[in-house]
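Novice: The structure is given below, and queries will be raised subsequently.
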Amino acid sequence: MKLRTEFSLLSGALVMVVITGVSIMLFISQRRMLFDEMRANQENIIKGFVRVAEESLIAKNEIVLVNYLKFIKRAEGVIQAMLQDMNDKIMGHTDLTLFGNIYRDDAGEGAKESDGFLIQRRADGEGNDIYEVSMPVFISERKEAIARISFSCEVLDGKVEENLKKTRNHILFIAVISLFIGLLGSLVMARMMIRPINQLSYAVEQIGKGKLEYRINVKQTDELGKLEDEFNSMAHKLNELDEMKRDFVSSVTHELRSPMTSIRMYIGLLFKGAGGPLSPKQEDCLNVIKKSTSRLARFIDDLLDVAKIESGKMTIRKENFDILPTVKETIKLMKPQADAKKIKLTVEAIDNLPQIQADPERVNQIITNLLSNAIKFTRENGKVKVKITEVADNLEVRVIDNGAGIPKESLGEIFEKFAQVKGLRDTIPGQKGTGLGLPIVKSIVEAHGGKITVESEIEKGSAFIVFLPKK
Ligand code: ADP
């Protein structure tokens with residue numbers, strides 16, 4: 001799973017848990033608040049009733065009590081309210097006709113014993129669920145009467161439920177909006193966090209590919225921005241070091257070239273007898289020196305080519321020419337090498353090959369390098385063939401051998417500088433290489449607007465396929 005998806009899912013889930021938790025807590029506290037409010041309201045009404053009852057009893061004035069009972073009756077959910085003396089005789093009632101009657105409800109007996117505010121949820125004599133709120137009336141510290149008010153549970157609970165329903169809808173609405181904003185926020189945050197990480201990983205990939213001049217466009221000022229800055233400084237330093245290394249290699253190879261040329265020239269002169277006649281032993285030694293010097297000279301040339309390619313100074317002088325004679329010429333030059341290993345070296349081309357527009361010298365370099373590899377990695381009595389055909393706008397030049405082949409996992413690396421397939425050289429005896437041939441070939445082909453690919457199977461052989469644009 002991508003980091004961005006992981007982060008979004010995680011923060012989204014967190015937002016969801018927080019919002020659900022907060023919503024549940026809000027709902028519970030709102031419920032408690034509504035019940036507390038109801039209870040406080042009931043307490044206020046009964047306290048008012050008790051105060052009026054006290055006044056009425058002291059002043060022996062029933063009118064005040066009757067009026068207050070009328071007021072209580074209008075309060076929400078009230079079924080009845082009454083004032084009873086301690087012998088259950090009704091001294092005041094919301095139903096005026098019950099004055100003076102005896103009223104006894106066993107379930108409500110607890111009110112008589114209580115010295116303060118009491119609230120009970122119970123069934124009344126007619127089987128209705130009620131909240132009975134009661135409070136004693138004290139005159140000169142003597143319990144003279146009990147004030148009772150019955151509220152309908154159905155009405156009051158219904159009211160609480162109705163309020164809760166509204167609250168629930170509000171909470172749900174706010175929760176959905178918050179969830180949406182929260183998820184959107186976490187997505188934006190994930191994007192903000194992941195963008196520099198992606199940039200960094202892309203930049204690391206570019207540096208890994210050798211594009212040392214690649215830099216990140218730093219936009220953030222936070223820790224991630226600082227990391228990108230540090231990365232840029234590191235890439236800058238690497239680039240500087242790489243330039244220093246290139247300059248060093250380039251100047252060293254240049255310096256090596258002139259003495260190498262005179263060594264080769266003097267070897268030639270010695271062979272021609274300029275230092276007197278050579279004994280067979282001296283000739284053998286001179287041959288070894290000549291071989292090694294040629295290898296060294298090739299390595300120096302390759303290094304100079306790489307330096308030219310890397311500094312963009314490789315020159316390509318394109319002209320229209322026929323590739324077949326160039327290939328045949330190269331094959332002729334490579335023949336002694338092939339003969340030494342009894343390798344059959346052939347060329348095959350379609351009739352009427354079109355001309356290509358390329359640098360003949362560089363094309364020669366491509367063919368020489370590929371043929372030299374093909375001969376090098378093919379066993380004695382093997383076959384190497386150059387096959388030239390026309391494919392769309394290109395000429396396709398295949399250098400095919402039935403040699404050692406290249407393992408699949410190495411196919412992607414062989415075009416990189418100094419890359420050599422491990423263990424391959426041990427299986428086929430022959431000259432050691434430098435690992436610079438294929439990168440040079442690739443650069444030359446690409447500088448011509450062409451392409452090079454490879455097909456290979458271990459122990460069956462390889463085919464290097466070069467596409468060069470036609471005239
Ligand atoms: P080298 O100087 O080592 O030949 P190259 O860049 O020309 O350097 O080739 C890189 C590596 O690719 C070689 O060392 C070898 O492992 C592999 N290679 C190239 N051509 C062939 C081939 N025709 N058959 C098998 N392996 C090859």
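Following the order of the structure tokens, first chain is A, next is B, and so on, with residues numbered from 1 inside each chain and ligands from 1 in the order they appear.
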Report the closest atom pair, with its distance in Å rounded to one decimal, for each residue of chain A that has an atom no farther than 8 Å from ligand 1; count only C-alpha atoms and all ligand atoms, sort by chain and then rising residue number, and write it as a Markdown table.

Specialist:
```
| residue | atom | partner | partner_atom_place_in_ligand_line | distance |
| --- | --- | --- | --- | --- |
| A:Asn369 | CA | ligand 1 | 7 (O) | 6.5 |
| A:Leu370 | CA | ligand 1 | 20 (N) | 6.7 |
| A:Leu371 | CA | ligand 1 | 23 (N) | 7.7 |
| A:Ser372 | CA | ligand 1 | 4 (O) | 7.8 |
| A:Asn373 | CA | ligand 1 | 20 (N) | 4.6 |
| A:Ala374 | CA | ligand 1 | 23 (N) | 3.8 |
| A:Ile375 | CA | ligand 1 | 23 (N) | 7.3 |
| A:Lys376 | CA | ligand 1 | 23 (N) | 7.3 |
| A:Phe377 | CA | ligand 1 | 24 (N) | 4.8 |
| A:Thr378 | CA | ligand 1 | 24 (N) | 7.0 |
| A:Ile400 | CA | ligand 1 | 23 (N) | 7.5 |
| A:Asp401 | CA | ligand 1 | 23 (N) | 6.4 |
| A:Gly403 | CA | ligand 1 | 24 (N) | 6.1 |
| A:Ala404 | CA | ligand 1 | 25 (C) | 5.5 |
| A:Gly405 | CA | ligand 1 | 25 (C) | 4.6 |
| A:Ile406 | CA | ligand 1 | 26 (N) | 5.1 |
| A:Ile414 | CA | ligand 1 | 12 (O) | 4.8 |
| A:Phe415 | CA | ligand 1 | 6 (O) | 6.2 |
| A:Glu416 | CA | ligand 1 | 6 (O) | 7.4 |
| A:Lys417 | CA | ligand 1 | 6 (O) | 6.9 |
| A:Phe418 | CA | ligand 1 | 6 (O) | 6.6 |
| A:Ala419 | CA | ligand 1 | 10 (C) | 5.5 |
| A:Gln420 | CA | ligand 1 | 14 (O) | 3.6 |
| A:Val421 | CA | ligand 1 | 16 (O) | 3.7 |
| A:Lys422 | CA | ligand 1 | 16 (O) | 6.9 |
| A:Leu424 | CA | ligand 1 | 16 (O) | 5.9 |
| A:Arg425 | CA | ligand 1 | 16 (O) | 7.2 |
| A:Lys432 | CA | ligand 1 | 3 (O) | 6.8 |
| A:Gly433 | CA | ligand 1 | 2 (O) | 3.2 |
| A:Thr434 | CA | ligand 1 | 2 (O) | 3.8 |
| A:Gly435 | CA | ligand 1 | 8 (O) | 3.1 |
| A:Leu436 | CA | ligand 1 | 6 (O) | 4.3 |
| A:Gly437 | CA | ligand 1 | 7 (O) | 3.6 |
| A:Leu438 | CA | ligand 1 | 6 (O) | 3.7 |
| A:Pro439 | CA | ligand 1 | 6 (O) | 5.9 |
| A:Ile440 | CA | ligand 1 | 6 (O) | 7.7 |
| A:Ser456 | CA | ligand 1 | 24 (N) | 7.9 |
| A:Gly461 | CA | ligand 1 | 24 (N) | 6.6 |
| A:Ser462 | CA | ligand 1 | 23 (N) | 5.5 |
| A:Ala463 | CA | ligand 1 | 23 (N) | 7.0 |
| A:Phe464 | CA | ligand 1 | 23 (N) | 7.3 |
```

Novice: Could you name the residues that touch Glu161 in chain A at 12 Å or less, counting only C-alpha atoms, but leaving out those on the same chain fewer than 6 positions away, as a PyMOL selection string?

Specialist: chain A and resi 27+30-32+34-35+153-155+167-168

Novice: Using the chain letters and numbers from this document, which residues of range 83-191 of chain A does DSSP assign to alpha helix (DSSP H), as a PyMOL selection string?

Specialist: chain A and resi 110-113+153-191

Novice: Sort by chain and increasing residue number a table of all residues of range 90-172 of chain A within 12 Å of range 48-64 of chain A, each with its closest pair of atoms and their distance in Å to one decimal, counting only C-alpha atoms, and write it as a Markdown table.

Specialist:
```
| residue | atom | partner | partner_atom | distance |
| --- | --- | --- | --- | --- |
| A:Met91 | CA | A:Glu62 | CA | 8.7 |
| A:Gly92 | CA | A:Glu62 | CA | 7.9 |
| A:His93 | CA | A:Glu62 | CA | 10.9 |
| A:Thr94 | CA | A:Phe49 | CA | 11.8 |
| A:Leu96 | CA | A:Glu62 | CA | 11.5 |
| A:Phe99 | CA | A:Glu62 | CA | 10.9 |
| A:Gly116 | CA | A:Val50 | CA | 10.8 |
| A:Phe117 | CA | A:Val50 | CA | 10.3 |
| A:Val133 | CA | A:Phe49 | CA | 11.0 |
| A:Ser134 | CA | A:Val50 | CA | 9.3 |
| A:Met135 | CA | A:Val50 | CA | 7.1 |
| A:Pro136 | CA | A:Val50 | CA | 7.4 |
| A:Val137 | CA | A:Val50 | CA | 5.9 |
| A:Phe138 | CA | A:Glu54 | CA | 7.2 |
| A:Ile139 | CA | A:Glu54 | CA | 6.8 |
| A:Ser140 | CA | A:Ile58 | CA | 9.8 |
| A:Glu141 | CA | A:Glu54 | CA | 11.4 |
| A:Arg142 | CA | A:Glu54 | CA | 11.4 |
| A:Lys143 | CA | A:Glu54 | CA | 10.7 |
| A:Glu144 | CA | A:Leu57 | CA | 9.0 |
| A:Ala145 | CA | A:Ala53 | CA | 8.7 |
| A:Ile146 | CA | A:Val50 | CA | 8.4 |
| A:Ala147 | CA | A:Val50 | CA | 6.3 |
| A:Arg148 | CA | A:Phe49 | CA | 8.9 |
| A:Ile149 | CA | A:Phe49 | CA | 9.1 |
```

Novice: Residues as selected, N, CA, C and O atoms, written as a CSV table (one decimal), in the first residue's frame, can you do that?

Specialist:
```
chain,number,residue,atom,x,y,z
A,91,MET,N,-56.3,18.5,51.7
A,91,MET,CA,-56.5,19.9,52.1
A,91,MET,C,-56.5,20.8,50.9
A,91,MET,O,-56.9,22.0,51.0
A,92,GLY,N,-56.0,20.4,49.8
A,92,GLY,CA,-56.0,21.2,48.6
A,92,GLY,C,-55.8,20.2,47.4
A,92,GLY,O,-55.0,19.3,47.6
A,93,HIS,N,-56.4,20.4,46.3
A,93,HIS,CA,-56.3,19.5,45.1
A,93,HIS,C,-56.5,20.2,43.8
A,93,HIS,O,-57.4,21.2,43.8
A,94,THR,N,-55.9,19.8,42.8
A,94,THR,CA,-56.2,20.5,41.5
A,94,THR,C,-57.6,20.2,41.0
A,94,THR,O,-58.2,20.9,40.3
A,96,LEU,N,-61.0,20.3,42.4
A,96,LEU,CA,-61.6,21.0,43.5
A,96,LEU,C,-62.6,20.1,44.2
A,96,LEU,O,-62.9,20.2,45.4
A,99,PHE,N,-61.6,18.0,47.5
A,99,PHE,CA,-61.3,18.6,48.8
A,99,PHE,C,-62.0,17.9,49.9
A,99,PHE,O,-63.2,17.5,49.8
A,116,GLY,N,-37.7,15.7,53.2
A,116,GLY,CA,-37.3,16.7,52.2
A,116,GLY,C,-37.9,16.3,50.8
A,116,GLY,O,-38.8,15.6,50.7
A,117,PHE,N,-37.2,16.9,49.8
A,117,PHE,CA,-37.7,16.7,48.4
A,117,PHE,C,-37.5,15.2,48.0
A,117,PHE,O,-36.5,14.6,48.2
A,133,VAL,N,-43.6,13.8,42.7
A,133,VAL,CA,-42.7,14.6,43.4
A,133,VAL,C,-43.4,15.1,44.7
A,133,VAL,O,-44.5,15.5,44.7
A,134,SER,N,-42.7,14.9,45.8
A,134,SER,CA,-43.4,15.2,47.1
A,134,SER,C,-42.4,16.0,48.0
A,134,SER,O,-41.2,15.8,47.9
A,135,MET,N,-43.0,16.7,49.0
A,135,MET,CA,-42.2,17.4,50.0
A,135,MET,C,-43.1,17.7,51.2
A,135,MET,O,-44.2,18.1,51.0
A,136,PRO,N,-42.5,17.5,52.4
A,136,PRO,CA,-43.3,17.8,53.5
A,136,PRO,C,-43.5,19.3,53.8
A,136,PRO,O,-42.6,20.1,53.4
A,137,VAL,N,-44.6,19.7,54.5
A,137,VAL,CA,-44.8,21.1,54.8
A,137,VAL,C,-44.6,21.2,56.3
A,137,VAL,O,-45.4,20.5,57.1
A,138,PHE,N,-43.7,22.0,56.7
A,138,PHE,CA,-43.4,22.1,58.2
A,138,PHE,C,-44.0,23.4,58.7
A,138,PHE,O,-43.8,24.5,58.1
A,139,ILE,N,-44.7,23.3,59.8
A,139,ILE,CA,-45.2,24.6,60.5
A,139,ILE,C,-44.6,24.5,61.9
A,139,ILE,O,-44.9,23.5,62.6
A,140,SER,N,-43.8,25.5,62.3
A,140,SER,CA,-43.1,25.5,63.6
A,140,SER,C,-42.4,24.2,63.8
A,140,SER,O,-42.6,23.5,64.8
A,141,GLU,N,-41.7,23.8,62.8
A,141,GLU,CA,-40.9,22.6,62.8
A,141,GLU,C,-41.7,21.3,63.0
A,141,GLU,O,-41.1,20.3,63.4
A,142,ARG,N,-42.9,21.4,62.8
A,142,ARG,CA,-43.8,20.2,62.8
A,142,ARG,C,-44.3,19.8,61.5
A,142,ARG,O,-44.8,20.7,60.7
A,143,LYS,N,-44.1,18.5,61.1
A,143,LYS,CA,-44.6,18.1,59.8
A,143,LYS,C,-46.1,18.1,59.8
A,143,LYS,O,-46.8,17.4,60.5
A,144,GLU,N,-46.7,19.1,59.1
A,144,GLU,CA,-48.2,19.3,59.1
A,144,GLU,C,-48.9,18.6,57.9
A,144,GLU,O,-50.0,18.2,58.0
A,145,ALA,N,-48.2,18.7,56.8
A,145,ALA,CA,-48.8,18.2,55.6
A,145,ALA,C,-47.8,17.7,54.6
A,145,ALA,O,-46.6,17.9,54.8
A,146,ILE,N,-48.3,17.0,53.5
A,146,ILE,CA,-47.4,16.6,52.5
A,146,ILE,C,-48.0,17.1,51.2
A,146,ILE,O,-49.2,17.0,50.9
A,147,ALA,N,-47.0,17.8,50.4
A,147,ALA,CA,-47.4,18.3,49.1
A,147,ALA,C,-47.0,17.3,48.1
A,147,ALA,O,-45.9,16.8,48.1
A,148,ARG,N,-47.9,16.9,47.2
A,148,ARG,CA,-47.6,15.9,46.1
A,148,ARG,C,-48.0,16.4,44.8
A,148,ARG,O,-49.1,17.0,44.6
A,149,ILE,N,-47.1,16.2,43.8
A,149,ILE,CA,-47.5,16.5,42.4
A,149,ILE,C,-47.2,15.3,41.6
A,149,ILE,O,-46.1,14.7,41.7
```

Novice: As a PyMOL selection string, please: the residues near range 173-186 of chain A (cut-off 12 Å, only C-alpha atoms, same-chain neighbours under 6 positions excluded).

Specialist: chain A and resi 4-24+26-27+166-167+192-194

Novice: Restricting it to C-alpha atoms, dump the selection as a PDB file, in the first residue's frame.

Specialist:
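Printed below is out.pdb as written:
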```
ATOM      1  CA  ARG A   4      -0.158   8.331   1.057  1.00  0.00           C
ATOM      2  CA  THR A   5      -3.061   5.836   1.196  1.00  0.00           C
ATOM      3  CA  GLU A   6      -1.795   4.451   4.501  1.00  0.00           C
ATOM      4  CA  PHE A   7      -1.522   7.932   6.021  1.00  0.00           C
ATOM      5  CA  SER A   8      -4.963   9.006   4.687  1.00  0.00           C
ATOM      6  CA  LEU A   9      -6.619   5.827   5.957  1.00  0.00           C
ATOM      7  CA  LEU A  10      -4.977   6.090   9.366  1.00  0.00           C
ATOM      8  CA  SER A  11      -5.719   9.765   9.909  1.00  0.00           C
ATOM      9  CA  GLY A  12      -9.214   9.290   8.420  1.00  0.00           C
ATOM     10  CA  ALA A  13      -9.899   6.453  10.881  1.00  0.00           C
ATOM     11  CA  LEU A  14      -8.549   8.611  13.719  1.00  0.00           C
ATOM     12  CA  VAL A  15     -10.811  11.522  12.746  1.00  0.00           C
ATOM     13  CA  MET A  16     -13.765   9.111  12.575  1.00  0.00           C
ATOM     14  CA  VAL A  17     -13.049   7.613  16.031  1.00  0.00           C
ATOM     15  CA  VAL A  18     -12.622  11.082  17.592  1.00  0.00           C
ATOM     16  CA  ILE A  19     -15.813  12.437  16.011  1.00  0.00           C
ATOM     17  CA  THR A  20     -17.854   9.340  16.933  1.00  0.00           C
ATOM     18  CA  GLY A  21     -16.518   9.484  20.510  1.00  0.00           C
ATOM     19  CA  VAL A  22     -17.252  13.195  20.854  1.00  0.00           C
ATOM     20  CA  SER A  23     -20.747  12.716  19.375  1.00  0.00           C
ATOM     21  CA  ILE A  24     -21.593   9.889  21.810  1.00  0.00           C
ATOM     22  CA  LEU A  26     -22.266  14.980  23.617  1.00  0.00           C
ATOM     23  CA  PHE A  27     -25.390  12.885  23.283  1.00  0.00           C
ATOM     24  CA  LYS A 166     -33.420  17.170  17.704  1.00  0.00           C
ATOM     25  CA  THR A 167     -30.039  17.137  19.432  1.00  0.00           C
ATOM     26  CA  MET A 192       1.607  17.748   1.717  1.00  0.00           C
ATOM     27  CA  MET A 193       3.703  15.229   3.631  1.00  0.00           C
ATOM     28  CA  ILE A 194       4.111  12.740   0.811  1.00  0.00           C
TER      29      ILE A 194
END
```

Novice: Quick one: of A:Ser279, A:Asn198, A:Ser262, A:Ser29, who's nearest to Thr293 in chain A, counting only C-alpha atoms?

Specialist: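 Looking only at the distances to Thr293 in chain A, the closest residue turns out to be A:Ser262.
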
Novice: Figure out the distance between CA of Ile289 in chain A and CA of Val363 in chain A, please, to one decimal in Å.

Specialist: 29.5 Å

Novice: Got a sec: who's within 10 Å of Lys451 in chain A, counting only C-alpha atoms, leaving out chain neighbours fewer than 4 positions off, as a short mmCIF file (atom, residue, chain, number, x, y, z; two decimals) with C-alpha atoms, in the first residue's frame?

Specialist:
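Output file around19.cif is given in full below:
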```cif
data_model
loop_
_atom_site.label_atom_id
_atom_site.label_comp_id
_atom_site.auth_asym_id
_atom_site.auth_seq_id
_atom_site.Cartn_x
_atom_site.Cartn_y
_atom_site.Cartn_z
CA ASN A 394 16.02 2.52 -39.55
CA GLU A 396 18.89 -2.73 -38.11
CA LYS A 442 25.29 3.19 -26.52
CA SER A 443 26.26 6.87 -26.35
CA ILE A 444 27.39 6.90 -29.98
CA VAL A 445 24.22 5.16 -31.16
CA GLU A 446 22.04 7.57 -29.18
CA ALA A 447 24.01 10.56 -30.45
CA ILE A 465 20.68 -4.97 -32.10
CA VAL A 466 21.52 -1.46 -33.25
CA PHE A 467 18.96 0.76 -34.97
CA LEU A 468 20.42 3.63 -36.99
CA PRO A 469 18.21 6.16 -38.78
#
```

Novice: With distances taken over only C-alpha atoms, which residue among A:Glu361, A:Asp302, A:Glu409, A:Asp222 lies nearest Ile323 in chain A?

Specialist: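 Closest candidate: A:Glu361.
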
Novice: Residues within 6 Å of range 383-389 of chain A, please, as a list in words. Count only C-alpha atoms; anything in the same chain fewer than 3 positions from it doesn't count.

Specialist: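 Selected residues are Ile343, Lys344, Leu345, Thr346, Val347, Glu348, Ala349, Ile350, Leu395, Glu396, Val397, Arg398, Val399, Ile400, Asp401 and Asn402 of chain A.
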
Novice: Near Ser201 in chain A, counting only C-alpha atoms, which residues have an atom at most 12 Å away, once you skip same-chain residues fewer than 5 positions from it, shown as a ChimeraX atom specification?

Specialist: /A:194-196,206-208,215-216,227-228,231

Novice: Hey, can you spit out that residue selection with all heavy atoms as a short mmCIF file (atom, residue, chain, number, x, y, z; two decimals), in the first residue's frame?

Specialist:
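So result29.cif came out as:
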```cif
data_model
loop_
_atom_site.label_atom_id
_atom_site.label_comp_id
_atom_site.auth_asym_id
_atom_site.auth_seq_id
_atom_site.Cartn_x
_atom_site.Cartn_y
_atom_site.Cartn_z
N ILE A 194 3.56 13.74 1.74
CA ILE A 194 4.11 12.74 0.81
C ILE A 194 4.82 13.40 -0.37
O ILE A 194 5.79 12.86 -0.89
CB ILE A 194 3.00 11.77 0.33
CG1 ILE A 194 2.33 11.09 1.51
CG2 ILE A 194 3.53 10.72 -0.64
CD1 ILE A 194 3.26 10.43 2.50
N ARG A 195 4.34 14.59 -0.78
CA ARG A 195 4.92 15.25 -1.96
C ARG A 195 6.45 15.39 -1.85
O ARG A 195 7.18 14.91 -2.74
CB ARG A 195 4.26 16.62 -2.19
CG ARG A 195 4.48 17.19 -3.56
CD ARG A 195 3.91 18.59 -3.64
NE ARG A 195 4.47 19.45 -2.59
CZ ARG A 195 5.60 20.12 -2.70
NH1 ARG A 195 6.28 20.07 -3.81
NH2 ARG A 195 6.05 20.85 -1.71
N PRO A 196 6.95 15.98 -0.73
CA PRO A 196 8.42 16.08 -0.65
C PRO A 196 9.10 14.72 -0.59
O PRO A 196 10.21 14.58 -1.10
CB PRO A 196 8.67 16.88 0.63
CG PRO A 196 7.39 16.95 1.33
CD PRO A 196 6.30 16.67 0.39
N GLN A 206 17.23 9.76 -9.66
CA GLN A 206 17.97 10.46 -10.71
C GLN A 206 19.48 10.43 -10.43
O GLN A 206 20.28 10.19 -11.31
CB GLN A 206 17.51 11.93 -10.82
CG GLN A 206 16.08 12.10 -11.29
CD GLN A 206 15.80 11.31 -12.53
OE1 GLN A 206 16.47 11.46 -13.55
NE2 GLN A 206 14.80 10.43 -12.48
N ILE A 207 19.82 10.70 -9.14
CA ILE A 207 21.25 10.69 -8.77
C ILE A 207 21.82 9.28 -8.99
O ILE A 207 22.91 9.11 -9.51
CB ILE A 207 21.43 11.12 -7.29
CG1 ILE A 207 20.95 12.57 -7.10
CG2 ILE A 207 22.88 10.97 -6.82
CD1 ILE A 207 21.82 13.65 -7.63
N GLY A 208 20.99 8.27 -8.60
CA GLY A 208 21.41 6.88 -8.79
C GLY A 208 21.67 6.58 -10.26
O GLY A 208 22.52 5.76 -10.59
N ARG A 215 18.41 18.68 -9.23
CA ARG A 215 18.15 19.33 -7.94
C ARG A 215 16.66 19.37 -7.67
O ARG A 215 15.85 19.43 -8.60
CB ARG A 215 18.65 20.80 -7.94
CG ARG A 215 20.14 20.95 -8.14
CD ARG A 215 20.96 20.52 -6.91
NE ARG A 215 22.37 20.62 -7.20
CZ ARG A 215 23.10 19.68 -7.78
NH1 ARG A 215 22.53 18.53 -8.11
NH2 ARG A 215 24.38 19.84 -8.04
N ILE A 216 16.31 19.40 -6.36
CA ILE A 216 14.89 19.48 -5.98
C ILE A 216 14.49 20.95 -5.87
O ILE A 216 15.25 21.76 -5.35
CB ILE A 216 14.63 18.80 -4.62
CG1 ILE A 216 15.05 17.34 -4.68
CG2 ILE A 216 13.19 18.92 -4.20
CD1 ILE A 216 15.01 16.63 -3.35
N LEU A 227 15.34 18.82 4.79
CA LEU A 227 15.91 17.57 4.27
C LEU A 227 16.18 17.70 2.77
O LEU A 227 17.23 17.28 2.26
CB LEU A 227 14.93 16.42 4.53
CG LEU A 227 15.41 15.02 4.18
CD1 LEU A 227 16.59 14.64 5.04
CD2 LEU A 227 14.29 14.00 4.40
N GLU A 228 15.23 18.33 2.06
CA GLU A 228 15.42 18.52 0.61
C GLU A 228 16.61 19.43 0.34
O GLU A 228 17.40 19.19 -0.58
CB GLU A 228 14.15 19.11 -0.01
CG GLU A 228 13.00 18.13 -0.04
CD GLU A 228 11.74 18.71 -0.66
OE1 GLU A 228 11.51 19.93 -0.52
OE2 GLU A 228 11.00 17.97 -1.29
N PHE A 231 19.66 17.52 0.82
CA PHE A 231 19.85 16.62 -0.32
C PHE A 231 20.50 17.39 -1.48
O PHE A 231 21.45 16.90 -2.10
CB PHE A 231 18.50 16.03 -0.76
CG PHE A 231 18.61 15.21 -2.01
CD1 PHE A 231 18.92 13.87 -1.94
CD2 PHE A 231 18.47 15.79 -3.26
CE1 PHE A 231 19.07 13.12 -3.08
CE2 PHE A 231 18.63 15.06 -4.42
CZ PHE A 231 18.92 13.71 -4.33
#
```

Novice: Could you jot down the CA of Tyr68 in chain A to CA of Gly127 in chain A separation for me, Å, one decimal place?

Specialist: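 A separation of 26.9 Å between them.
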
Novice: Where in range 35-141 of chain A does DSSP assign strand (DSSP E or B), given as number ranges by chain?

Specialist: A: 78-85, 89-93, 102, 118-123, 129-139

Novice: I need the residue nearest Glu132 in chain A from this list: A:Met25, A:Leu98, A:Met82, A:Leu164. Use only C-alpha atoms for the distance.

Specialist: A:Met82
